[in-house]
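A.B. asks: Structure supplied as run-v8.txt; contents: compact mmCIF, C-alpha atoms and all ligand atoms.
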```txt
# COMPACT_ATOMS: atom_id res chain seq x y z
CA MET A 11 -0.33 -19.84 18.53
CA SER A 12 0.25 -23.20 16.83
CA PRO A 13 3.09 -25.36 18.21
CA SER A 14 5.04 -24.92 14.94
CA THR A 15 5.01 -21.10 15.19
CA PRO A 16 8.44 -19.88 16.32
CA ASN A 17 8.40 -18.08 19.64
CA ARG A 18 8.83 -14.35 19.13
CA GLU A 19 11.40 -13.74 21.83
CA ALA A 20 13.43 -16.82 20.93
CA THR A 21 13.58 -15.77 17.27
CA ALA A 22 14.64 -12.24 18.19
CA GLN A 23 17.30 -13.51 20.59
CA ARG A 24 18.80 -15.75 17.92
CA LEU A 25 18.91 -12.86 15.46
CA LEU A 26 20.49 -10.55 18.04
CA THR A 27 23.20 -13.11 18.74
CA SER A 28 23.87 -13.44 15.03
CA SER A 29 24.00 -9.62 14.65
CA ALA A 30 26.53 -9.38 17.46
CA LYS A 31 28.73 -11.99 15.80
CA LEU A 32 28.42 -10.93 12.19
CA SER A 33 27.86 -7.30 11.29
CA TYR A 34 29.88 -4.92 9.17
CA ASP A 35 30.81 -1.30 9.21
CA PRO A 36 31.03 -0.31 5.54
CA GLU A 37 33.08 2.76 6.45
CA ILE A 38 35.86 0.44 7.60
CA ASP A 39 35.13 -2.85 5.88
CA ILE A 40 35.06 -1.47 2.35
CA ASP A 41 38.10 -0.05 0.60
CA TRP A 42 36.49 3.05 -0.86
CA ASP A 43 39.78 4.31 -2.29
CA ALA A 44 40.53 1.23 -4.41
CA PRO A 45 40.50 2.12 -8.11
CA LEU A 46 37.52 0.99 -10.19
CA ALA A 47 38.21 -1.63 -12.86
CA GLU A 48 37.57 -0.12 -16.27
CA ASP A 49 36.60 -3.36 -17.99
CA LYS A 50 34.26 -4.73 -15.34
CA PHE A 51 30.49 -4.65 -15.10
CA TYR A 52 28.55 -3.03 -12.25
CA VAL A 53 25.68 -5.49 -12.59
CA PRO A 54 26.44 -8.99 -13.93
CA GLU A 55 26.19 -8.75 -17.70
CA HIS A 56 23.39 -11.33 -18.04
CA LEU A 57 21.27 -9.40 -15.52
CA VAL A 58 21.41 -6.08 -17.36
CA THR A 59 17.81 -5.57 -18.45
CA LEU A 60 18.70 -5.20 -22.14
CA TYR A 61 21.11 -8.16 -22.29
CA GLY A 62 20.50 -10.18 -25.46
CA THR A 63 18.16 -7.62 -27.11
CA PRO A 64 18.67 -5.95 -30.52
CA MET A 65 19.63 -2.75 -28.66
CA TRP A 66 22.28 -4.67 -26.72
CA ALA A 67 23.72 -6.06 -29.97
CA ALA A 68 24.12 -2.53 -31.27
CA MET A 69 26.01 -1.30 -28.19
CA ASP A 70 29.79 -1.41 -27.78
CA GLN A 71 31.43 -2.75 -24.63
CA ARG A 72 31.92 0.69 -23.12
CA GLN A 73 28.24 1.54 -23.49
CA ARG A 74 27.18 -1.83 -22.07
CA ILE A 75 29.31 -1.23 -18.99
CA GLU A 76 27.88 2.28 -18.68
CA LEU A 77 24.33 0.90 -18.80
CA SER A 78 25.23 -1.67 -16.12
CA LYS A 79 26.47 1.22 -13.98
CA GLN A 80 23.27 3.21 -14.45
CA GLU A 81 21.22 0.13 -13.58
CA LEU A 82 23.27 -0.38 -10.41
CA VAL A 83 22.79 3.26 -9.39
CA ASN A 84 19.07 2.97 -10.10
CA THR A 85 18.76 -0.23 -8.07
CA VAL A 86 20.57 1.10 -5.02
CA SER A 87 18.56 4.34 -5.27
CA VAL A 88 15.40 2.22 -5.02
CA GLY A 89 17.13 0.39 -2.16
CA ILE A 90 17.66 3.61 -0.21
CA TRP A 91 14.05 4.70 -0.82
CA PHE A 92 12.77 1.34 0.38
CA GLU A 93 15.08 1.14 3.41
CA THR A 94 14.11 4.65 4.50
CA ILE A 95 10.47 3.54 4.56
CA LEU A 96 11.34 0.26 6.30
CA MET A 97 13.28 2.06 9.04
CA GLN A 98 10.19 4.16 9.79
CA LEU A 99 8.00 1.05 9.86
CA LEU A 100 10.36 -0.65 12.29
CA LEU A 101 10.45 2.36 14.58
CA ARG A 102 6.67 2.57 14.55
CA LEU A 103 6.54 -1.12 15.46
CA THR A 104 8.60 -0.45 18.57
CA TYR A 105 6.62 2.61 19.66
CA HIS A 106 3.89 0.90 21.68
CA ARG A 107 5.86 -2.14 22.66
CA ASP A 108 7.90 -3.21 25.64
CA PRO A 109 11.43 -1.81 25.27
CA THR A 110 12.83 -4.64 27.38
CA SER A 111 11.65 -7.29 24.89
CA ARG A 112 14.09 -8.94 22.51
CA HIS A 113 11.56 -8.36 19.75
CA VAL A 114 11.96 -4.59 20.14
CA HIS A 115 15.72 -4.90 20.54
CA TYR A 116 15.97 -6.72 17.25
CA ALA A 117 13.80 -4.10 15.52
CA PHE A 118 16.33 -1.49 16.72
CA ALA A 119 19.21 -3.68 15.50
CA GLU A 120 17.61 -3.89 12.08
CA VAL A 121 17.15 -0.12 11.91
CA ALA A 122 20.87 0.17 12.66
CA ASP A 123 21.67 -2.29 9.83
CA GLU A 124 19.50 -0.40 7.36
CA CYS A 125 21.04 2.92 8.42
CA ARG A 126 24.46 1.55 7.51
CA HIS A 127 23.16 0.03 4.27
CA SER A 128 21.60 3.24 3.02
CA THR A 129 24.78 5.13 3.88
CA MET A 130 26.79 2.46 2.04
CA PHE A 131 24.53 2.70 -1.02
CA GLY A 132 24.80 6.49 -1.02
CA ARG A 133 28.54 6.22 -0.81
CA LEU A 134 28.58 3.67 -3.63
CA ILE A 135 26.63 6.02 -5.92
CA GLU A 136 29.08 8.80 -5.15
CA ARG A 137 32.12 6.54 -5.65
CA VAL A 138 31.05 5.44 -9.14
CA ASP A 139 30.33 9.07 -10.08
CA GLY A 140 26.63 8.35 -10.35
CA ARG A 141 23.66 10.59 -9.68
CA PRO A 142 20.91 9.09 -7.51
CA TYR A 143 17.58 8.36 -9.16
CA ARG A 144 14.42 9.61 -7.59
CA GLN A 145 11.23 7.57 -7.60
CA PRO A 146 8.53 8.71 -10.04
CA PHE A 147 6.52 11.56 -8.51
CA VAL A 148 3.53 9.42 -7.46
CA TRP A 149 5.66 6.76 -5.75
CA HIS A 150 7.78 9.40 -4.09
CA ARG A 151 4.60 10.82 -2.53
CA ILE A 152 3.13 7.39 -1.71
CA GLY A 153 6.40 6.58 0.05
CA GLN A 154 5.70 9.38 2.49
CA VAL A 155 2.43 7.82 3.68
CA LEU A 156 3.41 4.14 3.52
CA PRO A 157 4.92 4.17 7.03
CA LEU A 158 1.46 5.13 8.33
CA VAL A 159 -0.56 2.80 6.14
CA LEU A 160 1.39 -0.45 6.32
CA THR A 161 0.54 -2.19 9.56
CA GLY A 162 0.21 -5.84 10.53
CA PRO A 163 0.75 -8.42 7.78
CA SER A 164 0.98 -5.80 5.01
CA MET A 165 4.09 -4.31 6.62
CA TRP A 166 5.90 -7.62 6.38
CA VAL A 167 4.67 -8.40 2.89
CA ALA A 168 6.03 -5.04 1.70
CA THR A 169 9.29 -5.75 3.52
CA LEU A 170 9.72 -9.16 1.95
CA MET A 171 8.92 -7.81 -1.51
CA GLY A 172 11.63 -5.21 -1.04
CA GLU A 173 14.20 -7.59 0.42
CA GLU A 174 13.87 -11.05 -1.06
CA VAL A 175 14.08 -10.45 -4.81
CA PHE A 176 17.27 -8.41 -4.60
CA ASP A 177 18.65 -10.83 -2.03
CA VAL A 178 18.27 -13.81 -4.38
CA LEU A 179 19.87 -11.96 -7.30
CA GLN A 180 22.71 -10.57 -5.17
CA ARG A 181 23.41 -14.01 -3.70
CA ASP A 182 23.65 -15.55 -7.16
CA THR A 183 26.01 -12.96 -8.49
CA MET A 184 28.19 -11.60 -5.71
CA ARG A 185 30.96 -14.05 -6.61
CA ASP A 186 30.90 -13.20 -10.33
CA GLU A 187 34.54 -12.53 -11.27
CA ARG A 188 33.54 -10.10 -14.01
CA LEU A 189 31.87 -7.81 -11.49
CA GLN A 190 33.48 -4.64 -10.09
CA PRO A 191 35.23 -5.68 -6.84
CA LEU A 192 33.64 -2.70 -5.07
CA VAL A 193 30.16 -3.89 -6.02
CA GLN A 194 31.03 -7.41 -4.88
CA ALA A 195 32.12 -6.07 -1.49
CA VAL A 196 28.89 -4.08 -1.06
CA MET A 197 26.77 -7.09 -2.02
CA ARG A 198 28.58 -9.40 0.36
CA ILE A 199 27.82 -7.13 3.31
CA HIS A 200 24.23 -6.64 2.23
CA VAL A 201 23.47 -10.32 1.65
CA THR A 202 24.90 -11.33 5.04
CA GLU A 203 22.84 -8.85 7.01
CA GLU A 204 19.66 -9.15 4.94
CA ALA A 205 19.36 -12.87 5.73
CA ARG A 206 18.44 -11.93 9.31
CA HIS A 207 15.92 -9.33 8.17
CA VAL A 208 14.14 -11.87 6.01
CA ARG A 209 13.94 -14.34 8.90
CA TYR A 210 12.55 -11.69 11.26
CA ALA A 211 9.95 -10.53 8.73
CA ARG A 212 8.83 -14.04 7.80
CA ALA A 213 8.50 -15.20 11.42
CA ASP A 214 6.48 -12.17 12.49
CA LEU A 215 4.30 -12.37 9.39
CA VAL A 216 3.39 -16.00 10.15
CA ARG A 217 2.53 -15.09 13.73
CA ARG A 218 0.37 -12.14 12.76
CA LEU A 219 -1.52 -14.07 10.11
CA GLU A 220 -2.85 -16.34 12.84
CA ARG A 221 -4.89 -13.54 14.31
CA THR A 222 -5.63 -11.42 11.28
CA ASN A 223 -9.03 -10.73 9.75
CA ARG A 224 -10.14 -11.14 6.14
CA ALA A 225 -9.78 -7.44 5.31
CA SER A 226 -6.21 -7.09 6.47
CA LYS A 227 -5.26 -10.30 4.69
CA GLU A 228 -6.76 -8.98 1.44
CA PHE A 229 -4.91 -5.73 1.97
CA ALA A 230 -1.65 -7.65 2.43
CA ARG A 231 -2.33 -9.48 -0.85
CA PHE A 232 -2.93 -6.16 -2.56
CA VAL A 233 0.33 -4.74 -1.15
CA GLY A 234 2.29 -7.76 -2.39
CA ALA A 235 0.87 -7.46 -5.89
CA GLN A 236 1.54 -3.71 -6.00
CA GLY A 237 5.06 -4.43 -4.78
CA ALA A 238 5.57 -6.82 -7.69
CA MET A 239 4.46 -4.19 -10.20
CA LEU A 240 6.56 -1.52 -8.53
CA LEU A 241 9.65 -3.72 -8.65
CA ALA A 242 9.17 -4.58 -12.31
CA THR A 243 8.69 -0.95 -13.33
CA ALA A 244 11.49 0.34 -11.09
CA LEU A 245 14.01 -2.06 -12.63
CA THR A 246 13.28 -0.64 -16.07
CA ASN A 247 13.32 3.02 -15.09
CA PRO A 248 13.46 4.95 -18.42
CA SER A 249 15.89 7.50 -16.94
CA GLN A 250 18.63 4.88 -16.60
CA TYR A 251 18.48 4.21 -20.35
CA LYS A 252 18.47 7.90 -21.12
CA ARG A 253 21.59 8.46 -19.03
CA ALA A 254 23.27 5.58 -20.85
CA GLY A 255 22.59 7.38 -24.14
CA LEU A 256 19.67 5.19 -25.30
CA ASP A 257 16.13 5.90 -26.43
CA PRO A 258 14.32 5.44 -23.10
CA ARG A 259 10.93 4.33 -24.45
CA GLU A 260 12.31 1.83 -26.91
CA ALA A 261 14.77 0.53 -24.30
CA ARG A 262 12.00 -0.05 -21.78
CA ARG A 263 9.89 -1.78 -24.42
CA GLN A 264 12.75 -4.11 -25.36
CA ALA A 265 13.56 -4.81 -21.70
CA TRP A 266 9.96 -5.83 -20.91
CA ALA A 267 9.93 -8.14 -23.95
CA ASN A 268 13.40 -9.52 -23.19
CA PRO A 269 13.24 -13.24 -22.27
CA HIS A 270 16.54 -12.96 -20.31
CA HIS A 271 15.13 -10.14 -18.19
CA ARG A 272 11.82 -11.95 -17.73
CA GLU A 273 13.68 -15.03 -16.54
CA ALA A 274 15.78 -12.94 -14.11
CA LYS A 275 12.61 -11.41 -12.61
CA ARG A 276 10.89 -14.76 -12.34
CA HIS A 277 13.94 -16.39 -10.79
CA GLY A 278 14.54 -13.48 -8.38
CA ALA A 279 10.94 -13.67 -7.18
CA GLU A 280 10.70 -17.46 -7.00
CA ARG A 281 11.61 -17.69 -3.30
CA VAL A 282 9.25 -14.95 -2.07
CA VAL A 283 6.46 -16.21 -4.33
CA ARG A 284 6.79 -19.68 -2.81
CA PHE A 285 6.64 -18.29 0.72
CA LEU A 286 3.74 -15.92 0.09
CA SER A 287 1.81 -18.69 -1.69
CA GLU A 288 2.29 -21.00 1.31
CA GLN A 289 0.81 -18.23 3.48
CA ASP A 290 -2.09 -17.82 1.01
CA LEU A 291 -1.00 -14.24 0.32
CA ILE A 292 -1.09 -14.50 -3.45
CA GLY A 293 -4.65 -14.85 -4.61
CA GLY A 294 -7.87 -13.06 -5.42
CA PRO A 295 -8.24 -10.31 -8.00
CA THR A 296 -4.74 -8.90 -7.50
CA VAL A 297 -3.08 -12.01 -9.01
CA ARG A 298 -3.58 -10.18 -12.29
CA LEU A 299 -0.98 -7.60 -11.19
CA TRP A 300 1.46 -10.35 -10.23
CA ARG A 301 1.18 -11.83 -13.71
CA ARG A 302 1.50 -8.49 -15.44
CA SER A 303 4.67 -7.77 -13.46
CA GLY A 304 6.31 -10.91 -14.83
CA LEU A 305 7.34 -11.99 -11.33
CA LEU A 306 4.83 -14.83 -11.33
CA ASP A 307 4.68 -17.52 -14.05
FE FE B 401 19.45 -3.34 3.59
FE FE B 402 16.88 -5.29 5.16
```
Give the structure from this file in structure tokens form.
Ligand SMILES: [Fe+2]
Ligand SMILES: [Fe+2]

C.D. replies:
Amino acid sequence: MSPSTPNREATAQRLLTSSAKLSYDPEIDIDWDAPLAEDKFYVPEHLVTLYGTPMWAAMDQRQRIELSKQELVNTVSVGIWFETILMQLLLRLTYHRDPTSRHVHYAFAEVADECRHSTMFGRLIERVDGRPYRQPFVWHRIGQVLPLVLTGPSMWVATLMGEEVFDVLQRDTMRDERLQPLVQAVMRIHVTEEARHVRYARADLVRRLERTNRASKEFARFVGAQGAMLLATALTNPSQYKRAGLDPREARRQAWANPHHREAKRHGAERVVRFLSEQDLIGGPTVRLWRRSGLLD
């Protein structure tokens, strides 16, 4: 281990202390009975995937707000799918390890966080009268084997792909006054607790890379690139446009061509791209996928 590598137990202890001081219970800390604001967006207007497109120009305010709601429901549905996989990964990580170590204790603490988050997201979907979105058939099936396949560095790359992009975008927008107060409250809780998850994942990834072989590093690169493509396609799920009363194919086409949406993706991914590049985890033939996703310049 190089002298600059953070000690595993020390990192976990710091994160456990932070969890003890600052954690939320969405059942209590969110006012689920507060009325929704009729004129407020569910995703900041400029982050709606069609913002600024010809389709957007043709929509009235009510339909724009409805689309923002469908995009929120889609995003948190992806969030639940991802967190359900992450919880399994974390539990598998603990299985062979020493249950008296802080490292294992923090993994358990993170499972507890994600349990509350997924419950909170489910409750949010219900509260806004949404219907959850299911992943496309292939990804739904792949999600069932991912907890077995992602080990070592690839586990943490997948985790960071799932956590960092949304974290950056939620951080930027949670104080937006034009956003539904309920959505703001959910984001505030999520952003606070996710910061620890990102630190845990990054620190363990750096440690594992020091003793990883070529093949598992290449696999981690592949997982990151696939994650980028998955994120980009999930954000423009055709079903969300359909439910908002739009032509799903044309809407997806306009979203992918939309410079505002491309900028949002690039900006959201900037932080994780910087980190993965520093760790030499973006490179080789799979860079092509990164570029196609629009998450990399
Ligand atoms: Fe979460
Ligand atoms: Fe998380």

A.B. asks: Can you tell me which residues sit at most 6 Å away from ligand FE 402 (chain B), counting all atoms listed in the file, written as JSON, numbers by chain?

C.D. replies: {"A": [124, 173, 204, 207]}

A.B. asks: Could you produce a table of the residues of range 68-97 of chain A lying within 7 Å of range 240-257 of chain A, with the nearest pair of atoms per residue and their separation in Å rounded to one decimal, using only C-alpha atoms, ordered by chain and increasing residue number, as a tab-separated table?

C.D. replies:
```
residue	atom	partner	partner_atom	distance
A:Gln73	CA	A:Ala254	CA	6.9
A:Glu76	CA	A:Ala254	CA	6.1
A:Leu77	CA	A:Ala254	CA	5.2
A:Gln80	CA	A:Gln250	CA	5.4
A:Glu81	CA	A:Gln250	CA	6.2
A:Asn84	CA	A:Gln250	CA	6.8
A:Thr85	CA	A:Leu245	CA	6.8
```

A.B. asks: Kindly provide, as an MDAnalysis selection string, all nucleotide and amino acid residues lying within 8 Å of ligand FE 401 (chain B), counting all atoms listed in the file.

C.D. replies: chainID A and resid 89 93 123:124 127:128 173 200 203:204

A.B. asks: Find the residues near Glu120 in chain A: any atom within 12 Å, counting all atoms listed in the file, skip ones fewer than 4 places away on the same chain, and give them as number ranges by chain.

C.D. replies: A: 22, 25-26, 28-30, 33, 93-94, 96-101, 103-104, 113-116, 124-127, 203-211

A.B. asks: Quick one: residues within 6 Å of Val175 in chain A, only C-alpha atoms counted, chain neighbours fewer than 3 positions away excluded, as a VMD selection string?

C.D. replies: chain A and resid 178 278 to 279

A.B. asks: Which residues, protein or nucleic acid, reach to within 10 Å of (38.1, 0.7, -3.3) in the file's coordinates when using all atoms listed in the file, and can you give that as a PyMOL selection string?

C.D. replies: chain A and resi 40-47+134+137+190-193+195

A.B. asks: Return the single residue from A:Leu170, A:Leu57, A:Val159, A:Ile75 that is closest to Phe285 in chain A, with distances computed using all atoms listed in the file.

C.D. replies: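 With all atoms listed in the file as the atom set, the closest residue is A:Leu170.
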
A.B. asks: Assuming the input is short of atoms at range 162-176 of chain A, produce N, CA, C and O atoms for that part as an mmCIF file, keeping the file's coordinate frame.

C.D. replies:
```cif
data_model
loop_
_atom_site.group_PDB
_atom_site.id
_atom_site.type_symbol
_atom_site.label_atom_id
_atom_site.label_comp_id
_atom_site.auth_asym_id
_atom_site.auth_seq_id
_atom_site.Cartn_x
_atom_site.Cartn_y
_atom_site.Cartn_z
ATOM 1 N N GLY A 162 0.542 -4.407 10.509
ATOM 2 C CA GLY A 162 0.210 -5.840 10.530
ATOM 3 C C GLY A 162 0.856 -6.578 9.381
ATOM 4 O O GLY A 162 1.965 -6.250 8.972
ATOM 5 N N PRO A 163 0.151 -7.578 8.820
ATOM 6 C CA PRO A 163 0.750 -8.420 7.780
ATOM 7 C C PRO A 163 1.265 -7.620 6.575
ATOM 8 O O PRO A 163 2.284 -7.973 5.990
ATOM 9 N N SER A 164 0.559 -6.540 6.220
ATOM 10 C CA SER A 164 0.980 -5.800 5.010
ATOM 11 C C SER A 164 2.376 -5.213 5.164
ATOM 12 O O SER A 164 3.123 -5.105 4.192
ATOM 13 N N MET A 165 2.741 -4.852 6.402
ATOM 14 C CA MET A 165 4.090 -4.310 6.620
ATOM 15 C C MET A 165 5.134 -5.352 6.229
ATOM 16 O O MET A 165 6.121 -5.049 5.554
ATOM 17 N N TRP A 166 4.894 -6.591 6.642
ATOM 18 C CA TRP A 166 5.900 -7.620 6.380
ATOM 19 C C TRP A 166 5.884 -8.084 4.937
ATOM 20 O O TRP A 166 6.917 -8.470 4.389
ATOM 21 N N VAL A 167 4.717 -8.041 4.313
ATOM 22 C CA VAL A 167 4.670 -8.400 2.890
ATOM 23 C C VAL A 167 5.472 -7.369 2.087
ATOM 24 O O VAL A 167 6.285 -7.718 1.233
ATOM 25 N N ALA A 168 5.267 -6.088 2.396
ATOM 26 C CA ALA A 168 6.030 -5.040 1.700
ATOM 27 C C ALA A 168 7.526 -5.227 1.943
ATOM 28 O O ALA A 168 8.349 -5.098 1.034
ATOM 29 N N THR A 169 7.878 -5.555 3.186
ATOM 30 C CA THR A 169 9.290 -5.750 3.520
ATOM 31 C C THR A 169 9.889 -6.892 2.718
ATOM 32 O O THR A 169 10.972 -6.751 2.127
ATOM 33 N N LEU A 170 9.179 -8.004 2.666
ATOM 34 C CA LEU A 170 9.720 -9.160 1.950
ATOM 35 C C LEU A 170 9.803 -8.891 0.449
ATOM 36 O O LEU A 170 10.754 -9.320 -0.204
ATOM 37 N N MET A 171 8.847 -8.156 -0.086
ATOM 38 C CA MET A 171 8.920 -7.810 -1.510
ATOM 39 C C MET A 171 10.159 -6.965 -1.777
ATOM 40 O O MET A 171 10.817 -7.093 -2.798
ATOM 41 N N GLY A 172 10.471 -6.079 -0.854
ATOM 42 C CA GLY A 172 11.630 -5.210 -1.040
ATOM 43 C C GLY A 172 12.943 -5.950 -0.815
ATOM 44 O O GLY A 172 13.964 -5.606 -1.407
ATOM 45 N N GLU A 173 12.926 -6.968 0.045
ATOM 46 C CA GLU A 173 14.200 -7.590 0.420
ATOM 47 C C GLU A 173 14.526 -8.863 -0.350
ATOM 48 O O GLU A 173 15.674 -9.088 -0.724
ATOM 49 N N GLU A 174 13.526 -9.707 -0.581
ATOM 50 C CA GLU A 174 13.870 -11.050 -1.060
ATOM 51 C C GLU A 174 14.346 -11.111 -2.505
ATOM 52 O O GLU A 174 15.266 -11.857 -2.821
ATOM 53 N N VAL A 175 13.722 -10.338 -3.389
ATOM 54 C CA VAL A 175 14.080 -10.450 -4.810
ATOM 55 C C VAL A 175 15.538 -10.012 -5.022
ATOM 56 O O VAL A 175 16.337 -10.727 -5.635
ATOM 57 N N PHE A 176 15.888 -8.876 -4.451
ATOM 58 C CA PHE A 176 17.270 -8.410 -4.600
ATOM 59 C C PHE A 176 18.231 -9.365 -3.890
ATOM 60 O O PHE A 176 19.342 -9.593 -4.361
#
```
